[in-house]
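What follows is a short report on a single structure.
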Amino acid sequence: MSNIRRVHIVEAVVWLSIVLIFYFFSFEFDQEIEIYKYGATGWPRSILILLFFVTLGNFLHIHKKGSGIQLGRVGISDEQEEISYDDFNSIKKLIAILISPLIFALSLKPVGFYSATPFFIAVIIFLLGEKRIKWIISITLFIYFLLILLFMVVLNAPLPQGNVSPFYDFSALMLTLNTNLHQSLNF
Amino acid sequence: MIENFILGSASLFGDSTTIAIFIFGVLGGMLFGAIPGVSMLTLAAILLPFTASLDPAQGVMLFAVIYCTGTYGGAITAILFNIPGAPENAPTAFDGYPMTRNGQSGKAVGAAVLCSAIGGLSSAIVMMAATEPLANWAISNIGPPEIFALVFFGLAVASSVGGRTIWKGWMSVLLGLIVATIGQDPVGGINRYNFGYSDLAAGIAFVPAILGFFAVSEIFVQAEKKAIGKYEAPKMSVKFPTILELWAQKIAVVRSIFVGFFCGILPGIGATLAAFMGYGEAVRWSKNKESFGKGNIEGVISSETANNAATGAAMIPLLALGLPGGALTAMMVAVFQMHDLEPGPMVFYNSPELIWIVFSAMFYANLSILFIGLIETKTILYLLKIPFQFLAPMILLLASIGSYIGRGLVLDVMVMFIAGVIGFLLRRSGYSIPGIVLGIILGKIGEQNFAQGMQMVHYDILEYLSRPICLLLIVAGFLTLLIGVYRALSYSMKS
C-alpha cells in the first residue's frame with residue numbers, strides 16, 4: 001500500500017519546480033568559456049540533474065517506506081516531534097510571527113533601524129505571548145538601548161538610517177548625539 | 001621554534017597596546033561567538049576598517065585571536081539554543097542541544113570548553129613547529145583535483161547526517177550547492193541566476209544565509225511550539241563533566257585533532273568541513289551509533305576538537321601560500337593588504353616578527369579559552385533563564401545587524417529572513433539545515449577546484465584518479481554514499 005499523502009505530492013512538485021525553474025533560467029547564461037570545456041552551465045545543470053533524480057528517489061522511498069525517520073540517522077532529534085494545530089488562532093499567530101520580520105526588513109530602507117526597531121521588538125514580544133503592557137514597554141526599551149549602546153556608541157557600526165522624513169531626521173539626530181558623545185568622551 | 005616563540009611572546013606582552021588588543025580579541029571573540037544571532041564574523045566585519053590604524057602585526061593578531069576564541073564561543077549558542085554561532089559549530093548542536101534538553105547543558109558546555117582548548121592548543125603547537133614543512137608538502141601534493149575530491153567526500157559525509165533520510169540529506173546538500181551557483185561563475189565571471197537584481201551578481205552573501213538558516217529558523221521553530229502551547233524552556237545545569245567522563249573520550253579527541261588539522265591545512269576548506277568530518281568519524285567508529293543525535297557527549301567533543309584544531313592549521317595555507325581557508329581568514333588577507341603586505345612565503349622572510357606574534361597570540365588565546373571560558377560559561381548558562389519571548393527579539397535583531405554589517409545592504413537582511421522562513425519549512429519536513437549551509441559554503445570552492453582540476457588533467461577521468469589522494473577521497477566519498485543508500489533501502493523506519 002502506498003504511503004503517499006497529498007503533502008508528499010506537494011513537496012515533490014515544489015522540488016521539481018525548483019529544478020525546472022533553475023534549468024530554464026540556465027539558458028540565460030548558456031555561454032561558452034574558451035578555457036573551460038563545460039562552460040558556465042555545466043556545474044549548475046549537473047547539480048539540477050542530480051537533484052531531479054534524488055527527488056524521485058525520495059518520492060519512491062516515501063511511497064515504499066513512509067516519511068518517518070530512517071533508523072541510524074543522526075542529528076535529527078529536534079525535528080522528530082509532530083506538530084499539530086488545534087485551532088485557527090495558533091496558525092494566525094504563527095503566520096504573524098513569520099511575516100513580521102519580513103515587514104521589519106522591508107521597512108529598514110525607508111524607515112531605518114533606529115525608528116523601526118522599537119516597534120519590531122514590541123510586536124515580537126506580544127506575538128510570543130507576553131500580554132503585560134508594562135513588561136512589553138520596559139523590555140522593548142531595555143533591548144533597544146542595549147543595542148544602541150553596543151553597536152552605535154561602542155562599535156560605531158553603520159546601521160540603516162532610512163530615507164523618508166521624519167524617520168531619516170530621527171536617525172540623523174541619533175547619529176549627531178552619538179558624535180557629540182564621542183567628542184565629549186574624547187574617543 | 002622555542003626561541004621564536006619566546007620572542008613572539010615577549011613582543012606580545014611587552015607592549016601595553018598589543019596586550020589590550022589581545023585581551024579585546026579574546027573577550028570579543030568569546031562574547032560575539034556566544035551571543036545567539038551574531039558571530040565572530042560580525043565582530044570581524046565591524047573591526048576591519050579600524051585595523052588600518054593598527055600595526056600590521058596587531059591587526060593580523062587581533063583577527064587570529066578572534067578566530068580562535070570565536071570558534072569556541074559559537075559552540076555555546078549551538079549547545080544552549082540550537083543556534084550554531086558559526087557553521088563550524090553546526091555538528092556541535094546535533095548532540096549539544098539534546099544534552100541541554102536533557103538537563104546536561106553544563107556537561108556539554110564544559111566538554112566544549114576543554115576540547116576546544118585541547119584542539120586549539122595542539123593545532124597551535126603543530127602550526128608553530130611545522131608551518132614551513134607542511135606548507136611545502138601541501139604545495140607539492142595538494143592541488144585543485146585533491147581539494148575537489150575532499151569537498152566531494154565532505155559533502156558525502158554531510159549528507160549522511162542531519163536529514164530524516166539519506167534522500168533528504170542529499171536534497172539539502174544539493175539545494176545548498178544550487179544556491180551557491182547564484183552570482184558570477186568562478187571560471188569565466190559570467191552572471192548566473194541574478195534574476196535582474198544587480199545586487200545578486202556577487203551571489204548570496206554567506207553570513208545572512210547562515211544566520212537565516214540557523215538562528216532565524218530556530219526562533220521560528222520555538223515560536224511555533226510557543227504558539228501551540230508545546231514550548232518547553234531548556235533546563236539549566238552548571239554541572240561540568242568529570243575527569244573520568246572526559247578521559248573516556250581520549251580517542252575521539254586525538255582522532256578529531258588529526259581530522260581537524262588535515263582539513264584546516266587544505267586551502268579553502270577550513271574548520272566547517274573539519275567539524276562535520278570529526279563528527280562523521282565519531283559516528284563511524286562508535287559502537288553505539290544510535291545514541292548520536294540524542295545527547296552523546298562524544299558528538300560535542302569530536303566536533304569541537306576538530307573545528308578548533310582546524311584554526312591553527314588554517315593559518316598554514318594563509319601565511320605560507322596566501323590562500324584563506326574561510327570567511328574570517330579571508331578578512332585577514334584584507335588586513336594584510338591594508339598594510340601593503342601580501343600573505344605568502346615571503347612573509348616568513350620579510351616579517352618574521354609578525355608571524356611569531358600571531359603564532360604566540362593564538363597559543364595564548366587557546367589557553368585562555370580554558371580559563372576564561374570556564375568562568376564565562378557559568379555566566380552564559382544563565383541566558384537559559386531569560387524567557388523566550390524576551391530573548392527572541394534580541395536574537396532576531398542581533399542577526400539583522402550581523403547580516404547588514406557585512407556589505408551594508410538591506411537586501412541581506414531580507415535574504416536572512418527569507419532563508420529563515422525556508423529553513424523553518426524545511427526543518428518541519430525533515431531536511432538538514434547544516435547540509436544546506438555546507439553546500440552553500442563548499443559550492444563555489446568545489447566548482448572552482450573541479451574546473452581547475454579538469455583543466456589540469458585534460459578532462460581525463462583516469463588521469464584524475466591516478467592521483468592517489470584523489471582516488472582515496474573519491475572512493476571514500478562514493479562508499480559513504482553507497483552505504484547511505486544501502487541503509488535507506490534495507491533499514492526499517494521509526495514510526
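Labels used: A, B, ... for chains in the order of the C-alpha cells, numbers from 1 for residues in each chain, and numbers from 1 for ligands as shown.
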
DSSP helix (DSSP H, G or I) selection over segment 56-197 of chain B, as an MDAnalysis selection string: chainID B and resid 56:81 87:101 105:141 144:159 166:180

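The environment of segment 240-251 of chain B within 9 Å, counting only C-alpha atoms and disregarding residues fewer than 3 places along the same chain, consists of Gln104, Ser105, Gly106, Lys107, Ala108, Val109, Gly110, Ala111, Leu114, Ser237, Val254, Arg255, Ser256, Ile297, Glu298, Ile301 and Ser302 of chain B.
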
Residue nearest Pro110 of chain A among A:Leu127, A:Val164, A:Ala122, A:Leu181 (counting only C-alpha atoms):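 Comparing A:Leu127, A:Val164, A:Ala122, A:Leu181 against Pro110 of chain A, the winner is A:Val164.
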
Atom pair atom CA of Gln183 of chain A / atom CA of Val154 of chain A: separation (Å):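 These two atoms are separated by 13.0 Å.
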
Nearby residues (only C-alpha atoms) at most 9 Å from Ile66 of chain B, same-chain spacing under 4 positions excluded, as a compact mmCIF listing (two decimals) with N, CA and C atoms, in the first residue's frame:
```txt
# COMPACT_ATOMS: atom_id res chain seq x y z
N PHE B 22 45.02 42.18 22.40
CA PHE B 22 44.89 40.72 22.61
C PHE B 22 43.69 40.41 23.52
N PHE B 24 41.13 42.31 24.17
CA PHE B 24 39.90 42.67 23.46
C PHE B 24 39.49 41.55 22.50
N GLY B 25 40.48 41.01 21.77
CA GLY B 25 40.19 39.94 20.82
C GLY B 25 39.67 38.69 21.51
N VAL B 26 40.32 38.33 22.63
CA VAL B 26 39.90 37.12 23.37
C VAL B 26 38.45 37.28 23.86
N LEU B 27 38.19 38.41 24.55
CA LEU B 27 36.85 38.59 25.12
C LEU B 27 35.81 38.84 24.03
N GLY B 28 36.19 39.65 23.03
CA GLY B 28 35.26 39.96 21.94
C GLY B 28 34.88 38.70 21.17
N GLY B 29 35.86 37.87 20.84
CA GLY B 29 35.58 36.63 20.10
C GLY B 29 34.66 35.71 20.89
N MET B 30 34.97 35.56 22.18
CA MET B 30 34.14 34.69 23.03
C MET B 30 32.72 35.23 23.13
N MET B 40 31.51 35.66 15.40
CA MET B 40 32.83 36.29 15.30
C MET B 40 32.95 37.06 13.98
N LEU B 41 32.21 36.60 12.95
CA LEU B 41 32.30 37.29 11.65
C LEU B 41 31.71 38.69 11.75
N LEU B 43 31.72 40.65 14.42
CA LEU B 43 32.73 41.47 15.09
C LEU B 43 33.87 41.79 14.13
N ALA B 44 34.31 40.77 13.39
CA ALA B 44 35.42 40.97 12.46
C ALA B 44 35.06 42.00 11.39
N MET B 61 47.07 39.81 14.33
CA MET B 61 46.96 39.09 15.61
C MET B 61 45.54 39.18 16.16
N LEU B 62 44.94 40.37 16.07
CA LEU B 62 43.57 40.56 16.57
C LEU B 62 42.61 39.58 15.89
N GLY B 70 36.40 32.87 18.96
CA GLY B 70 35.06 32.90 18.36
C GLY B 70 34.59 31.52 17.95
N THR B 71 35.53 30.68 17.47
CA THR B 71 35.16 29.32 17.08
C THR B 71 34.67 28.55 18.30
N LEU B 328 36.66 34.22 7.83
CA LEU B 328 37.48 35.05 8.71
C LEU B 328 38.92 35.16 8.24
N ALA B 365 45.64 32.49 23.20
CA ALA B 365 44.17 32.62 23.06
C ALA B 365 43.51 31.27 23.34
```

Among listed residues B:Glu353, B:Glu290, B:Asp460, B:Glu132, nearest chain A (using only C-alpha atoms): B:Glu290
